[in-house]
Amino acid sequence: MKQALYLAAIAAYLGSVVYPSDALDWTVSAVSFLIVVIVFLSAGKFVRTIGGLFLAVGFSLLAADKASAPEMLRSFGYMMNVLSLFALIPLIALPIELGRYAVRVQAMVRRQVRHSGMLYALTSFLAYVFCSFMNLGALPMVHQTIRPSLDAFPIRERDRFISRAITHGYSMPVIWTPVSPILGIVVEMTGVRWSALLPIVIPLSLFGLALDWTIAVWVAGRTRKQAGAGSAAAAEMSAALEP
């Protein structure tokens with residue numbers, strides 16, 4: 001039910017962008033309001049409390065502005081552009097899947113990457129490079145490229161491993177890349193030239209990436225030592241139990 005409503009809202013919004021009309025705008029608002037109601041009723045107590053507080057404040061501001069009931073309904077759906085963006089971003093990874101680039105990367109990883117620390121560094125580096133000129137599009141591309149290679153390493157929580165590697169690498173160039181919305185807001189609010197920030201923020205970004213790699217390699221080495229110590233202890237115990 002929820003997925004169908006999400007798809008209907010996104011389709012109506014995209015349709016209103018291509019062919020603007022009042023009917024589609026009303027459809028987006030009505031479906032968005034229905035989504036809010038259904039999600040609110042099915043959410044937990046804490047989420048309903050916070051959500052109810054925001055809804056109460058929003059309706060109070062609209063009432064103070066003497067907005068009519070149709071205008072209150074039309075207030076829903078203004079953030080549908082963000083939801084549509086997140087829904088369409090995974091499509092960017094389709095060329096990687098169709099071109100079987102992940103298989104080639106997996107073969108390269110098996111030949112050259114020796115432990116999970118190096119794999120972590122490779123993943124965060126790809127996220128860093130892709131985010132520098134693609135921003136949100138880097139997330140599905142790196143995930144689709146690296147995820148098949150995780151099966152070759154003894155990693156317990158693979159989803160947590162790859163999500164941390166991608167997000168850490170993704171967050172580093174956000175402070176300097178021109179495609180970052182946050183940087184654009186900062187430059188606009190402060191009036192500082194973007195070129196004047198680069199000598200400061202790029203070294204900080206690279207230092208953060210190097211520090212992240214260092215921690216990842218150290219954690220991987222400690223994990224290998226613990227695994228080796230556990231294997232040695234198990235071997236000694238089995239040898240002692242033999243007649």
# chains A, B, ... in the order shown; residues from 1 in each chain; ligands from 1
$ residues_around --residues "segment 46-59 of chain A" --least-positions-apart "6" --cutoff "12 Å" --atoms "only C-alpha atoms" --output "list in words"
Phe33, Val36, Val37, Ile38, Val39, Phe40, Asp65, Lys66, Ala67, Ser68, Ala69, Glu71, Met72, Leu73, Ser75 and Phe76 of chain A
$ write_last_selection --atoms "C-alpha atoms" --output "PDB file, in the first residue's frame"
ATOM      1  CA  PHE A  33      -1.443  14.000   2.555  1.00  0.00           C
ATOM      2  CA  VAL A  36       1.446  11.306   5.819  1.00  0.00           C
ATOM      3  CA  VAL A  37      -1.744   9.978   7.420  1.00  0.00           C
ATOM      4  CA  ILE A  38      -0.930   6.308   6.751  1.00  0.00           C
ATOM      5  CA  VAL A  39       2.696   6.602   7.859  1.00  0.00           C
ATOM      6  CA  PHE A  40       1.651   8.534  10.968  1.00  0.00           C
ATOM      7  CA  ASP A  65      -2.023  33.034   8.158  1.00  0.00           C
ATOM      8  CA  LYS A  66      -5.783  32.474   7.625  1.00  0.00           C
ATOM      9  CA  ALA A  67      -5.230  29.726   5.069  1.00  0.00           C
ATOM     10  CA  SER A  68      -8.304  27.908   3.801  1.00  0.00           C
ATOM     11  CA  ALA A  69      -8.754  24.128   3.851  1.00  0.00           C
ATOM     12  CA  GLU A  71      -4.646  25.820   0.781  1.00  0.00           C
ATOM     13  CA  MET A  72      -3.742  23.611   3.750  1.00  0.00           C
ATOM     14  CA  LEU A  73      -4.092  20.569   1.522  1.00  0.00           C
ATOM     15  CA  SER A  75       0.807  22.704   1.461  1.00  0.00           C
ATOM     16  CA  PHE A  76       1.561  18.982   1.247  1.00  0.00           C
TER      17      PHE A  76
END
$ residues_around --residues "Tyr6 of chain A" --least-positions-apart "4" --cutoff "8 Å" --atoms "only C-alpha atoms" --output "PyMOL selection string"
chain A and resi 2+10+35
$ residues_around --residues "His168 of chain A" --least-positions-apart "5" --cutoff "12 Å" --atoms "only C-alpha atoms" --output "number ranges by chain"
A: 120-128, 131, 139, 160-163, 173-174, 205-206, 208-213, 215-216
$ write_last_selection --atoms "C-alpha atoms" --output "tab-separated table (two decimals), in the first residue's frame"
chain	number	residue	atom	x	y	z
A	120	TYR	CA	37.80	-0.32	2.84
A	121	ALA	CA	40.33	2.22	1.55
A	122	LEU	CA	39.47	1.38	-2.06
A	123	THR	CA	35.75	1.77	-1.39
A	124	SER	CA	36.09	5.10	0.38
A	125	PHE	CA	38.47	6.34	-2.34
A	126	LEU	CA	35.94	5.55	-5.07
A	127	ALA	CA	33.22	7.28	-3.06
A	128	TYR	CA	35.52	10.29	-2.63
A	131	CYS	CA	31.27	12.44	-4.95
A	139	LEU	CA	26.32	6.32	-3.47
A	160	ARG	CA	27.64	-2.13	7.75
A	161	PHE	CA	31.18	-2.34	6.35
A	162	ILE	CA	30.31	-1.02	2.91
A	163	SER	CA	27.90	1.63	4.20
A	173	PRO	CA	34.78	16.12	-0.51
A	174	VAL	CA	31.45	17.69	0.49
A	205	SER	CA	39.49	16.78	3.21
A	206	LEU	CA	42.53	14.72	2.19
A	208	GLY	CA	40.35	13.21	6.89
A	209	LEU	CA	40.45	10.59	4.14
A	210	ALA	CA	43.98	9.50	5.08
A	211	LEU	CA	43.03	9.32	8.76
A	212	ASP	CA	40.02	7.17	7.89
A	213	TRP	CA	42.24	4.81	5.89
A	215	ILE	CA	42.04	3.61	11.21
A	216	ALA	CA	40.58	1.07	8.79
$ atom_distance --atom1 "atom CA of Arg110 of chain A" --atom2 "atom CA of Ala152 of chain A"
7.3 Å
$ select_by_dssp --residues "segment 47-231 of chain A" --states "alpha helix (DSSP H)" --output "ChimeraX atom specification"
/A:47-64,69-74,80-88,94-98,101-112,116-134,138-146,158-171,181-190,194-231
$ atom_distance --atom1 "atom CA of Ala8 of chain A" --atom2 "atom CA of Ser32 of chain A"
9.4 Å
$ atom_distance --atom1 "atom CA of Leu183 of chain A" --atom2 "atom CA of Leu83 of chain A"
21.5 Å
$ closest_residue --among "A:Leu150, A:Gly191, A:Leu14, A:Ile182" --to "Val82 of chain A" --atoms "only C-alpha atoms"
A:Leu14
$ closest_residue --among "A:Ile166, A:Ala138, A:Val201, A:His115" --to "Val219 of chain A" --atoms "only C-alpha atoms"
A:His115
$ decode --residues "segment 187-222 of chain A" --atoms "N, CA and C atoms" --output "JSON list (two decimals), in the first residue's frame"
[["chain", "number", "residue", "atom", "x", "y", "z"],
["A", 187, "VAL", "N", 28.83, 29.52, 0.77],
["A", 187, "VAL", "CA", 29.43, 30.57, -0.05],
["A", 187, "VAL", "C", 28.45, 31.72, -0.25],
["A", 188, "GLU", "N", 27.17, 31.38, -0.46],
["A", 188, "GLU", "CA", 26.17, 32.42, -0.68],
["A", 188, "GLU", "C", 25.93, 33.24, 0.59],
["A", 189, "MET", "N", 25.91, 32.58, 1.76],
["A", 189, "MET", "CA", 25.61, 33.28, 2.99],
["A", 189, "MET", "C", 26.79, 34.14, 3.47],
["A", 190, "THR", "N", 28.00, 33.63, 3.29],
["A", 190, "THR", "CA", 29.18, 34.35, 3.80],
["A", 190, "THR", "C", 29.77, 35.32, 2.78],
["A", 191, "GLY", "N", 29.51, 35.08, 1.50],
["A", 191, "GLY", "CA", 30.09, 35.94, 0.47],
["A", 191, "GLY", "C", 31.55, 35.65, 0.18],
["A", 192, "VAL", "N", 32.07, 34.55, 0.71],
["A", 192, "VAL", "CA", 33.47, 34.18, 0.49],
["A", 192, "VAL", "C", 33.62, 33.53, -0.89],
["A", 193, "ARG", "N", 34.68, 33.83, -1.58],
["A", 193, "ARG", "CA", 34.94, 33.22, -2.89],
["A", 193, "ARG", "C", 35.30, 31.75, -2.72],
["A", 194, "TRP", "N", 34.76, 30.92, -3.61],
["A", 194, "TRP", "CA", 35.02, 29.49, -3.54],
["A", 194, "TRP", "C", 36.49, 29.19, -3.72],
["A", 195, "SER", "N", 37.16, 29.90, -4.60],
["A", 195, "SER", "CA", 38.58, 29.67, -4.84],
["A", 195, "SER", "C", 39.41, 29.99, -3.61],
["A", 196, "ALA", "N", 38.94, 30.92, -2.76],
["A", 196, "ALA", "CA", 39.68, 31.24, -1.54],
["A", 196, "ALA", "C", 39.57, 30.15, -0.49],
["A", 197, "LEU", "N", 38.53, 29.33, -0.57],
["A", 197, "LEU", "CA", 38.35, 28.25, 0.40],
["A", 197, "LEU", "C", 39.18, 27.01, 0.06],
["A", 198, "LEU", "N", 39.47, 26.82, -1.22],
["A", 198, "LEU", "CA", 40.12, 25.58, -1.66],
["A", 198, "LEU", "C", 41.45, 25.29, -0.98],
["A", 199, "PRO", "N", 42.35, 26.27, -0.82],
["A", 199, "PRO", "CA", 43.63, 25.95, -0.16],
["A", 199, "PRO", "C", 43.48, 25.48, 1.28],
["A", 200, "ILE", "N", 42.34, 25.74, 1.89],
["A", 200, "ILE", "CA", 42.12, 25.33, 3.28],
["A", 200, "ILE", "C", 41.35, 24.02, 3.36],
["A", 201, "VAL", "N", 40.27, 23.93, 2.60],
["A", 201, "VAL", "CA", 39.37, 22.79, 2.77],
["A", 201, "VAL", "C", 39.86, 21.52, 2.06],
["A", 202, "ILE", "N", 40.57, 21.65, 0.96],
["A", 202, "ILE", "CA", 41.06, 20.45, 0.27],
["A", 202, "ILE", "C", 42.09, 19.70, 1.12],
["A", 203, "PRO", "N", 43.10, 20.37, 1.70],
["A", 203, "PRO", "CA", 44.00, 19.62, 2.61],
["A", 203, "PRO", "C", 43.28, 19.00, 3.79],
["A", 204, "LEU", "N", 42.28, 19.68, 4.35],
["A", 204, "LEU", "CA", 41.51, 19.08, 5.44],
["A", 204, "LEU", "C", 40.76, 17.85, 4.97],
["A", 205, "SER", "N", 40.22, 17.91, 3.76],
["A", 205, "SER", "CA", 39.49, 16.78, 3.21],
["A", 205, "SER", "C", 40.41, 15.58, 3.00],
["A", 206, "LEU", "N", 41.59, 15.81, 2.42],
["A", 206, "LEU", "CA", 42.53, 14.72, 2.19],
["A", 206, "LEU", "C", 43.07, 14.16, 3.51],
["A", 207, "PHE", "N", 43.28, 15.03, 4.49],
["A", 207, "PHE", "CA", 43.74, 14.56, 5.79],
["A", 207, "PHE", "C", 42.68, 13.66, 6.44],
["A", 208, "GLY", "N", 41.42, 14.05, 6.35],
["A", 208, "GLY", "CA", 40.35, 13.21, 6.89],
["A", 208, "GLY", "C", 40.27, 11.86, 6.20],
["A", 209, "LEU", "N", 40.47, 11.85, 4.88],
["A", 209, "LEU", "CA", 40.45, 10.59, 4.14],
["A", 209, "LEU", "C", 41.62, 9.70, 4.55],
["A", 210, "ALA", "N", 42.81, 10.28, 4.67],
["A", 210, "ALA", "CA", 43.98, 9.50, 5.08],
["A", 210, "ALA", "C", 43.81, 8.97, 6.50],
["A", 211, "LEU", "N", 43.26, 9.77, 7.39],
["A", 211, "LEU", "CA", 43.03, 9.32, 8.76],
["A", 211, "LEU", "C", 42.03, 8.17, 8.79],
["A", 212, "ASP", "N", 41.01, 8.25, 7.97],
["A", 212, "ASP", "CA", 40.02, 7.17, 7.89],
["A", 212, "ASP", "C", 40.67, 5.89, 7.39],
["A", 213, "TRP", "N", 41.53, 5.99, 6.39],
["A", 213, "TRP", "CA", 42.24, 4.81, 5.89],
["A", 213, "TRP", "C", 43.14, 4.21, 6.96],
["A", 214, "THR", "N", 43.84, 5.06, 7.70],
["A", 214, "THR", "CA", 44.74, 4.57, 8.74],
["A", 214, "THR", "C", 43.98, 3.79, 9.80],
["A", 215, "ILE", "N", 42.85, 4.31, 10.21],
["A", 215, "ILE", "CA", 42.04, 3.61, 11.21],
["A", 215, "ILE", "C", 41.54, 2.30, 10.66],
["A", 216, "ALA", "N", 41.11, 2.29, 9.39],
["A", 216, "ALA", "CA", 40.58, 1.07, 8.79],
["A", 216, "ALA", "C", 41.65, -0.01, 8.69],
["A", 217, "VAL", "N", 42.86, 0.35, 8.28],
["A", 217, "VAL", "CA", 43.95, -0.63, 8.19],
["A", 217, "VAL", "C", 44.33, -1.15, 9.57],
["A", 218, "TRP", "N", 44.34, -0.25, 10.57],
["A", 218, "TRP", "CA", 44.66, -0.68, 11.94],
["A", 218, "TRP", "C", 43.61, -1.65, 12.49],
["A", 219, "VAL", "N", 42.35, -1.36, 12.25],
["A", 219, "VAL", "CA", 41.28, -2.25, 12.71],
["A", 219, "VAL", "C", 41.35, -3.59, 11.99],
["A", 220, "ALA", "N", 41.64, -3.57, 10.69],
["A", 220, "ALA", "CA", 41.76, -4.82, 9.95],
["A", 220, "ALA", "C", 42.93, -5.66, 10.46],
["A", 221, "GLY", "N", 44.07, -5.01, 10.76],
["A", 221, "GLY", "CA", 45.22, -5.74, 11.31],
["A", 221, "GLY", "C", 44.92, -6.33, 12.67],
["A", 222, "ARG", "N", 44.25, -5.59, 13.52],
["A", 222, "ARG", "CA", 43.89, -6.12, 14.85],
["A", 222, "ARG", "C", 42.93, -7.29, 14.73]]
